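Visitor: Have a peek at protein.tsv (TSV, C-alpha atoms).
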```
chain	number	residue	atom	x	y	z
A	47	HIS	CA	-26.08	-1.37	-26.28
A	48	VAL	CA	-23.35	1.03	-25.18
A	49	SER	CA	-24.01	4.69	-24.41
A	50	HIS	CA	-21.96	7.60	-23.12
A	51	ASP	CA	-23.15	11.01	-21.89
A	52	ILE	CA	-21.08	14.13	-22.59
A	53	PHE	CA	-22.16	17.11	-20.47
A	54	VAL	CA	-22.21	20.46	-22.27
A	55	ASN	CA	-22.60	23.02	-19.46
A	56	ALA	CA	-21.64	23.12	-15.78
A	57	GLY	CA	-25.23	22.76	-14.60
A	58	GLY	CA	-25.44	19.25	-16.03
A	59	LYS	CA	-28.83	19.83	-17.63
A	60	GLN	CA	-27.64	19.73	-21.23
A	61	PHE	CA	-25.74	16.79	-22.62
A	62	PHE	CA	-25.04	14.73	-25.70
A	63	THR	CA	-25.64	11.00	-25.60
A	64	ILE	CA	-23.69	8.84	-28.04
A	65	THR	CA	-24.94	5.26	-28.46
A	66	ALA	CA	-23.81	2.13	-30.28
A	67	ASP	CA	-25.93	-0.99	-30.73
A	68	VAL	CA	-24.53	-4.25	-32.09
A	69	MET	CA	-27.03	-6.69	-33.60
A	70	ASN	CA	-26.06	-10.35	-34.06
A	71	LEU	CA	-22.80	-10.11	-32.14
A	72	THR	CA	-22.35	-13.89	-32.29
A	73	ASN	CA	-21.94	-13.76	-36.07
A	74	LEU	CA	-19.10	-11.29	-35.58
A	75	LEU	CA	-17.33	-13.87	-33.40
A	76	ASN	CA	-17.90	-16.85	-35.73
A	77	LYS	CA	-19.47	-16.89	-39.21
A	78	ASN	CA	-21.38	-20.11	-38.39
A	79	TRP	CA	-23.05	-18.60	-35.32
A	80	GLY	CA	-26.02	-16.28	-35.45
A	81	VAL	CA	-27.32	-17.58	-38.77
A	82	GLN	CA	-31.00	-16.77	-39.18
A	83	TYR	CA	-33.38	-18.99	-41.12
A	84	PHE	CA	-36.78	-18.38	-42.66
A	85	SER	CA	-39.38	-20.48	-44.38
A	86	PRO	CA	-39.98	-19.19	-47.91
A	87	ASN	CA	-43.53	-18.96	-49.17
A	88	THR	CA	-42.86	-21.36	-52.04
A	89	PHE	CA	-44.02	-24.56	-50.33
A	90	ASN	CA	-47.59	-25.69	-49.89
A	91	SER	CA	-48.88	-28.24	-47.43
A	92	THR	CA	-48.03	-31.39	-49.42
A	93	SER	CA	-44.94	-30.40	-51.37
A	94	SER	CA	-43.17	-29.08	-48.28
A	95	VAL	CA	-43.05	-32.62	-46.86
A	96	GLY	CA	-42.17	-34.22	-50.21
A	97	LEU	CA	-45.56	-35.65	-51.20
A	98	THR	CA	-46.40	-35.37	-54.87
A	99	PRO	CA	-49.51	-36.94	-56.34
A	100	THR	CA	-49.02	-39.72	-58.82
A	101	LEU	CA	-50.88	-38.37	-61.84
A	102	PHE	CA	-49.77	-40.55	-64.74
A	103	PRO	CA	-51.30	-43.07	-64.78
A	104	PRO	CA	-54.03	-41.84	-62.41
A	105	GLN	CA	-53.98	-44.36	-59.61
A	106	GLN	CA	-56.24	-44.58	-56.61
A	107	ASN	CA	-56.54	-47.08	-53.86
A	108	ALA	CA	-59.71	-48.95	-52.94
A	109	GLY	CA	-61.04	-46.06	-50.85
A	110	GLY	CA	-60.84	-43.61	-53.75
A	111	TYR	CA	-57.98	-41.60	-52.30
A	112	PRO	CA	-55.14	-40.47	-54.58
A	113	VAL	CA	-51.78	-42.20	-54.39
A	114	TYR	CA	-48.77	-40.09	-53.43
A	115	GLU	CA	-45.07	-40.59	-53.97
A	116	PHE	CA	-42.49	-39.32	-51.53
A	117	THR	CA	-39.59	-37.38	-53.03
A	118	SER	CA	-37.16	-35.41	-50.92
A	119	PRO	CA	-38.08	-31.73	-51.31
A	120	GLY	CA	-34.77	-30.55	-49.88
A	121	LYS	CA	-34.68	-28.16	-46.97
A	122	PRO	CA	-37.96	-26.39	-46.15
A	123	TYR	CA	-36.06	-23.33	-44.98
A	124	SER	CA	-33.57	-20.87	-46.41
A	125	ILE	CA	-30.81	-18.79	-44.83
A	126	ASP	CA	-31.52	-15.09	-44.46
A	127	TYR	CA	-28.14	-13.72	-45.54
A	128	TYR	CA	-29.00	-10.09	-44.78
A	129	GLY	CA	-30.41	-10.88	-41.32
A	130	SER	CA	-27.45	-13.14	-40.51
A	131	ARG	CA	-24.93	-10.32	-40.81
A	132	THR	CA	-23.49	-8.42	-37.90
A	133	GLN	CA	-24.98	-4.94	-37.85
A	134	LEU	CA	-23.91	-1.80	-35.99
A	135	GLN	CA	-26.19	1.13	-35.32
A	136	LEU	CA	-24.76	4.44	-34.12
A	137	GLY	CA	-26.86	7.19	-32.59
A	138	ALA	CA	-26.57	10.64	-31.10
A	139	ARG	CA	-29.01	12.59	-28.96
A	140	TYR	CA	-28.91	16.11	-27.54
A	141	THR	CA	-30.89	16.60	-24.33
A	142	PHE	CA	-31.61	20.11	-23.07
```
Now, as a test, write the supplied structure out as structure tokens.
Guide:
Amino acid sequence: HVSHDIFVNAGGKQFFTITADVMNLTNLLNKNWGVQYFSPNTFNSTSSVGLTPTLFPPQQNAGGYPVYEFTSPGKPYSIDYYGSRTQLQLGARYTF
């Protein structure tokens, strides 16, 4: 956050304030820094860890519980490309 006051009259009671805010400054320095991740709502409790029930043929162990196979589901998170960008916000305010 950077701000600068510009006084309008000699009394100093009226002034403009100009501001600049930089969000995710680290991504401006290096494209691999400041990357934001999120967990998409496409995984449920068993598929997010790679467990899929073995349905054909329907197999169960002696206790009657279903048998699961482990397959790699990939990464449980995605990169937020919009949130990972460097953003600049400019502002102006007149105080009287």
Visitor: Just checking: using all atoms listed in the file, which residue out of A:Asp67, A:Thr141, A:Lys121, A:Gly129 ends up closest to Val54 in chain A?
Guide: A:Thr141
Visitor: Find the residues near Ser130 in chain A: any atom within 8 Å, counting all atoms listed in the file, skip ones fewer than 2 places away on the same chain, and give them as a PDB file with C-alpha atoms, keeping the file's coordinate frame.
Guide:
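And here's result_6.pdb as it stands now:
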```
ATOM      1  CA  ASN A  70     -26.060 -10.350 -34.060  1.00  0.00           C
ATOM      2  CA  ASN A  73     -21.940 -13.760 -36.070  1.00  0.00           C
ATOM      3  CA  GLY A  80     -26.020 -16.280 -35.450  1.00  0.00           C
ATOM      4  CA  VAL A  81     -27.320 -17.580 -38.770  1.00  0.00           C
ATOM      5  CA  GLN A  82     -31.000 -16.770 -39.180  1.00  0.00           C
ATOM      6  CA  ILE A 125     -30.810 -18.790 -44.830  1.00  0.00           C
ATOM      7  CA  ASP A 126     -31.520 -15.090 -44.460  1.00  0.00           C
ATOM      8  CA  TYR A 127     -28.140 -13.720 -45.540  1.00  0.00           C
ATOM      9  CA  TYR A 128     -29.000 -10.090 -44.780  1.00  0.00           C
ATOM     10  CA  THR A 132     -23.490  -8.420 -37.900  1.00  0.00           C
TER      11      THR A 132
END
```
Visitor: Could you check how far CA of Asn76 in chain A sits from CA of Ser49 in chain A, in Å to one decimal?
Guide: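 The value is 25.1 Å.
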Visitor: Which residues, written as JSON, numbers by chain, have at least one atom at most 10 Å from Val48 in chain A, with all atoms listed in the file counted and residues fewer than 3 positions away on the same chain left out?
Guide: {"A": [64, 65, 66, 67, 68, 136]}
Visitor: Please, what distance in Å, to one decimal, runs between CA of Leu134 in chain A and CA of Phe62 in chain A?
Guide: 19.5 Å
Visitor: Using all atoms listed in the file, can you tell me which of A:Trp79, A:Phe84, A:Tyr140, A:Tyr123 comes closest to Gln60 in chain A?
Guide: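 Smallest separation from Gln60 in chain A among the options: A:Tyr140.
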